[in-house]
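Asker: For reference, the file data36.cif (mmCIF, C-alpha atoms; chains and numbers go by the auth columns) is included below:
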data_structure
loop_
_atom_site.group_PDB
_atom_site.id
_atom_site.type_symbol
_atom_site.label_atom_id
_atom_site.label_comp_id
_atom_site.label_asym_id
_atom_site.label_seq_id
_atom_site.Cartn_x
_atom_site.Cartn_y
_atom_site.Cartn_z
_atom_site.B_iso_or_equiv
_atom_site.auth_seq_id
_atom_site.auth_asym_id
ATOM 1 C CA MET A 1 -16.110 -7.317 4.889 0.00 1 V
ATOM 2 C CA ASP A 2 -14.809 -4.005 3.533 0.00 2 V
ATOM 3 C CA LYS A 3 -11.279 -3.508 2.237 0.00 3 V
ATOM 4 C CA LYS A 4 -10.002 -1.854 5.429 0.00 4 V
ATOM 5 C CA GLU A 5 -11.213 -4.736 7.563 0.00 5 V
ATOM 6 C CA TYR A 6 -9.827 -7.261 5.113 0.00 6 V
ATOM 7 C CA ALA A 7 -6.415 -5.544 5.047 0.00 7 V
ATOM 8 C CA VAL A 8 -6.325 -5.583 8.857 0.00 8 V
ATOM 9 C CA GLU A 9 -7.221 -9.278 8.847 0.00 9 V
ATOM 10 C CA LEU A 10 -4.447 -10.001 6.343 0.00 10 V
ATOM 11 C CA LYS A 11 -1.957 -7.994 8.417 0.00 11 V
ATOM 12 C CA HIS A 12 -2.872 -9.983 11.515 0.00 12 V
ATOM 13 C CA ASN A 13 -2.402 -13.220 9.601 0.00 13 V
ATOM 14 C CA GLY A 14 1.145 -12.923 8.326 0.00 14 V
ATOM 15 C CA HIS A 15 1.105 -10.285 5.594 0.00 15 V
ATOM 16 C CA ASN A 16 3.186 -7.131 5.989 0.00 16 V
ATOM 17 C CA CYS A 17 1.390 -3.770 5.668 0.00 17 V
ATOM 18 C CA ALA A 18 2.112 -3.357 1.956 0.00 18 V
ATOM 19 C CA GLN A 19 1.007 -6.889 1.156 0.00 19 V
ATOM 20 C CA ALA A 20 -2.174 -6.494 3.189 0.00 20 V
ATOM 21 C CA VAL A 21 -3.202 -3.311 1.380 0.00 21 V
ATOM 22 C CA LEU A 22 -2.278 -4.649 -2.060 0.00 22 V
ATOM 23 C CA CYS A 23 -4.095 -7.947 -1.547 0.00 23 V
ATOM 24 C CA ALA A 24 -7.192 -6.199 -0.217 0.00 24 V
ATOM 25 C CA PHE A 25 -7.545 -4.666 -3.687 0.00 25 V
ATOM 26 C CA ALA A 26 -6.856 -7.850 -5.676 0.00 26 V
ATOM 27 C CA ASP A 27 -10.458 -7.863 -6.885 0.00 27 V
ATOM 28 C CA GLU A 28 -9.895 -4.479 -8.587 0.00 28 V
ATOM 29 C CA ILE A 29 -6.531 -5.244 -10.182 0.00 29 V
ATOM 30 C CA ASP A 30 -5.788 -7.608 -13.038 0.00 30 V
ATOM 31 C CA MET A 31 -3.330 -9.531 -10.849 0.00 31 V
ATOM 32 C CA THR A 32 -3.674 -12.372 -8.406 0.00 32 V
ATOM 33 C CA ALA A 33 -3.352 -11.917 -4.667 0.00 33 V
ATOM 34 C CA GLU A 34 -0.193 -14.041 -4.818 0.00 34 V
ATOM 35 C CA GLU A 35 1.362 -11.698 -7.421 0.00 35 V
ATOM 36 C CA LEU A 36 0.428 -8.657 -5.329 0.00 36 V
ATOM 37 C CA LYS A 37 1.851 -10.332 -2.228 0.00 37 V
ATOM 38 C CA LYS A 38 5.152 -10.795 -4.065 0.00 38 V
ATOM 39 C CA ILE A 39 5.185 -7.124 -5.115 0.00 39 V
ATOM 40 C CA GLY A 40 4.729 -6.025 -1.497 0.00 40 V
ATOM 41 C CA ALA A 41 7.131 -8.560 0.019 0.00 41 V
ATOM 42 C CA SER A 42 10.064 -6.191 0.550 0.00 42 V
ATOM 43 C CA PHE A 43 8.101 -3.255 1.931 0.00 43 V
ATOM 44 C CA GLY A 44 7.503 -4.476 5.484 0.00 44 V
ATOM 45 C CA VAL A 45 8.559 -2.403 8.500 0.00 45 V
ATOM 46 C CA GLY A 46 8.802 0.725 6.422 0.00 46 V
ATOM 47 C CA MET A 47 10.330 0.203 3.003 0.00 47 V
ATOM 48 C CA GLY A 48 12.618 -2.762 3.351 0.00 48 V
ATOM 49 C CA CYS A 49 12.776 -2.944 7.135 0.00 49 V
ATOM 50 C CA MET A 50 14.496 0.455 7.331 0.00 50 V
ATOM 51 C CA GLU A 51 11.714 2.101 9.344 0.00 51 V
ATOM 52 C CA ALA A 52 11.223 4.473 6.422 0.00 52 V
ATOM 53 C CA THR A 53 8.142 5.128 4.262 0.00 53 V
ATOM 54 C CA CYS A 54 5.211 3.093 5.553 0.00 54 V
ATOM 55 C CA GLY A 55 4.496 -0.030 3.520 0.00 55 V
ATOM 56 C CA ALA A 56 0.775 0.752 3.469 0.00 56 V
ATOM 57 C CA LEU A 57 1.553 4.086 1.812 0.00 57 V
ATOM 58 C CA ILE A 58 3.872 2.430 -0.693 0.00 58 V
ATOM 59 C CA ALA A 59 1.064 0.004 -1.528 0.00 59 V
ATOM 60 C CA ALA A 60 -1.307 2.917 -2.077 0.00 60 V
ATOM 61 C CA GLY A 61 1.142 4.354 -4.609 0.00 61 V
ATOM 62 C CA VAL A 62 1.519 1.014 -6.359 0.00 62 V
ATOM 63 C CA LEU A 63 -2.261 0.644 -6.543 0.00 63 V
ATOM 64 C CA LEU A 64 -2.581 4.168 -7.924 0.00 64 V
ATOM 65 C CA GLY A 65 -0.225 3.252 -10.737 0.00 65 V
ATOM 66 C CA LEU A 66 -1.892 -0.078 -11.422 0.00 66 V
ATOM 67 C CA LYS A 67 -5.397 1.374 -11.448 0.00 67 V
ATOM 68 C CA LYS A 68 -4.939 4.819 -12.967 0.00 68 V
ATOM 69 C CA TYR A 69 -1.713 5.106 -14.951 0.00 69 V
ATOM 70 C CA ASP A 70 -2.411 5.351 -18.672 0.00 70 V
ATOM 71 C CA GLY A 71 0.766 7.035 -19.872 0.00 71 V
ATOM 72 C CA LYS A 72 0.017 10.340 -18.148 0.00 72 V
ATOM 73 C CA PRO A 73 1.624 11.387 -14.859 0.00 73 V
ATOM 74 C CA VAL A 74 -0.138 10.456 -11.647 0.00 74 V
ATOM 75 C CA LEU A 75 2.226 12.419 -9.407 0.00 75 V
ATOM 76 C CA ARG A 76 -0.435 14.919 -8.269 0.00 76 V
ATOM 77 C CA ASP A 77 -2.651 12.044 -7.234 0.00 77 V
ATOM 78 C CA ALA A 78 0.277 10.431 -5.432 0.00 78 V
ATOM 79 C CA ALA A 79 1.029 13.691 -3.620 0.00 79 V
ATOM 80 C CA ALA A 80 -2.625 13.941 -2.573 0.00 80 V
ATOM 81 C CA ILE A 81 -2.502 10.392 -1.180 0.00 81 V
ATOM 82 C CA ASN A 82 0.686 11.247 0.730 0.00 82 V
ATOM 83 C CA ARG A 83 -0.849 14.432 2.177 0.00 83 V
ATOM 84 C CA ARG A 84 -4.005 12.611 3.266 0.00 84 V
ATOM 85 C CA PHE A 85 -1.992 9.763 4.782 0.00 85 V
ATOM 86 C CA ASN A 86 0.095 12.292 6.688 0.00 86 V
ATOM 87 C CA GLU A 87 -3.054 14.044 7.950 0.00 87 V
ATOM 88 C CA LEU A 88 -4.552 10.777 9.181 0.00 88 V
ATOM 89 C CA CYS A 89 -1.387 9.158 10.530 0.00 89 V
ATOM 90 C CA GLY A 90 0.776 12.126 11.499 0.00 90 V
ATOM 91 C CA GLN A 91 3.766 11.028 9.408 0.00 91 V
ATOM 92 C CA LEU A 92 4.739 9.101 6.292 0.00 92 V
ATOM 93 C CA SER A 93 7.283 6.787 7.873 0.00 93 V
ATOM 94 C CA VAL A 94 7.047 4.127 10.550 0.00 94 V
ATOM 95 C CA ARG A 95 9.686 5.850 12.694 0.00 95 V
ATOM 96 C CA THR A 96 8.412 7.122 15.986 0.00 96 V
#
Using structure tokens, write down the structure from this file.

Answerer:
Amino acid sequence: MDKKEYAVELKHNGHNCAQAVLCAFADEIDMTAEELKKIGASFGVGMGCMEATCGALIAAGVLLGLKKYDGKPVLRDAAAINRRFNELCGQLSVRT
């Protein structure tokens, strides 16, 4: 099962969007799925249930930092992720 399918499965089985994305990458991060689930716990329904920035996008930013940050800025990479997310989803928040 690829990461997208696994994240969808996690989402359908009780994880919020941020948790699902974070946990789908547990095999690439030096953290357990339970630790990643805790990190994503407050980002359901758009950043803390405020219907704001999508939890899946927040998770992508967290993963970027965990995987790539080495003391140098990753803001350009984060902006690229945000642009691509917006292209694919039509917005960055969960508000309709």

Asker: Quick one: residues within 12 Å of Phe43 of chain V, all atoms listed in the file counted, chain neighbours fewer than 6 positions away excluded, as an MDAnalysis selection string?

Answerer: chainID V and resid 15:22 36:37 49:60 62 93:94

Asker: One number please: atom CA of Lys67 of chain V to atom CA of Gly90 of chain V, in Å, one decimal.

Answerer: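 Atom CA of Lys67 of chain V sits 26.1 Å away from atom CA of Gly90 of chain V.
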
Asker: Work out how far apart atom CA of Asp27 of chain V and atom CA of Lys3 of chain V are and give it in Å to one decimal.

Answerer: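 Taking atom CA of Asp27 of chain V as the start and atom CA of Lys3 of chain V as the end point, the length is 10.1 Å.
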
Asker: Under the rule that all atoms listed in the file are counted, which of V:Tyr6, V:Gly71, V:Leu66, V:Ala78 is the nearest residue to Asp30 of chain V?

Answerer: V:Leu66

Asker: Enter the distance from atom CA of Lys4 of chain V to atom CA of Ala24 of chain V, in Å, rounded to one decimal.

Answerer: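 Atom-to-atom, atom CA of Lys4 of chain V and atom CA of Ala24 of chain V are spaced 7.7 Å apart.
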
Asker: Show me, as a PyMOL selection string, the residues that have an atom within 12 Å of Ala79 of chain V when counting only C-alpha atoms, minus same-chain residues fewer than 3 positions from it.

Answerer: chain V and resi 57-58+60-61+64+73-76+82-86+92

Asker: Can you report as AutoDock Vina command-line options the centre and edge lengths in Å, to one decimal, of an axis-aligned box around the listed atoms of segment 22-35 of chain V padded with 5 Å on each side?

Answerer:
--center_x -4.5 --center_y -9.3 --center_z -6.6 --size_x 21.8 --size_y 19.6 --size_z 22.8

Asker: Out of V:Lys11, V:Tyr69, V:Phe25, V:Ile81, which residue has the shortest atom-to-atom distance to Val45 of chain V when counting all atoms listed in the file?

Answerer: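 The answer is V:Lys11, which sits nearest to Val45 of chain V.
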
Asker: Identify which of the residues V:Asp2, V:Glu87, V:Met47, V:Ala41 lies closest to Gly14 of chain V, counting all atoms listed in the file when measuring atom-to-atom distances.

Answerer: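 Closest candidate: V:Ala41.
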
Asker: Compare V:Met1, V:Asn13, V:Glu28, V:Gln91 by their minimum atom-to-atom distance to Gly46 of chain V, counting all atoms listed in the file, and give me the closest one.

Answerer: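 With all atoms listed in the file as the atom set, the closest residue is V:Gln91.
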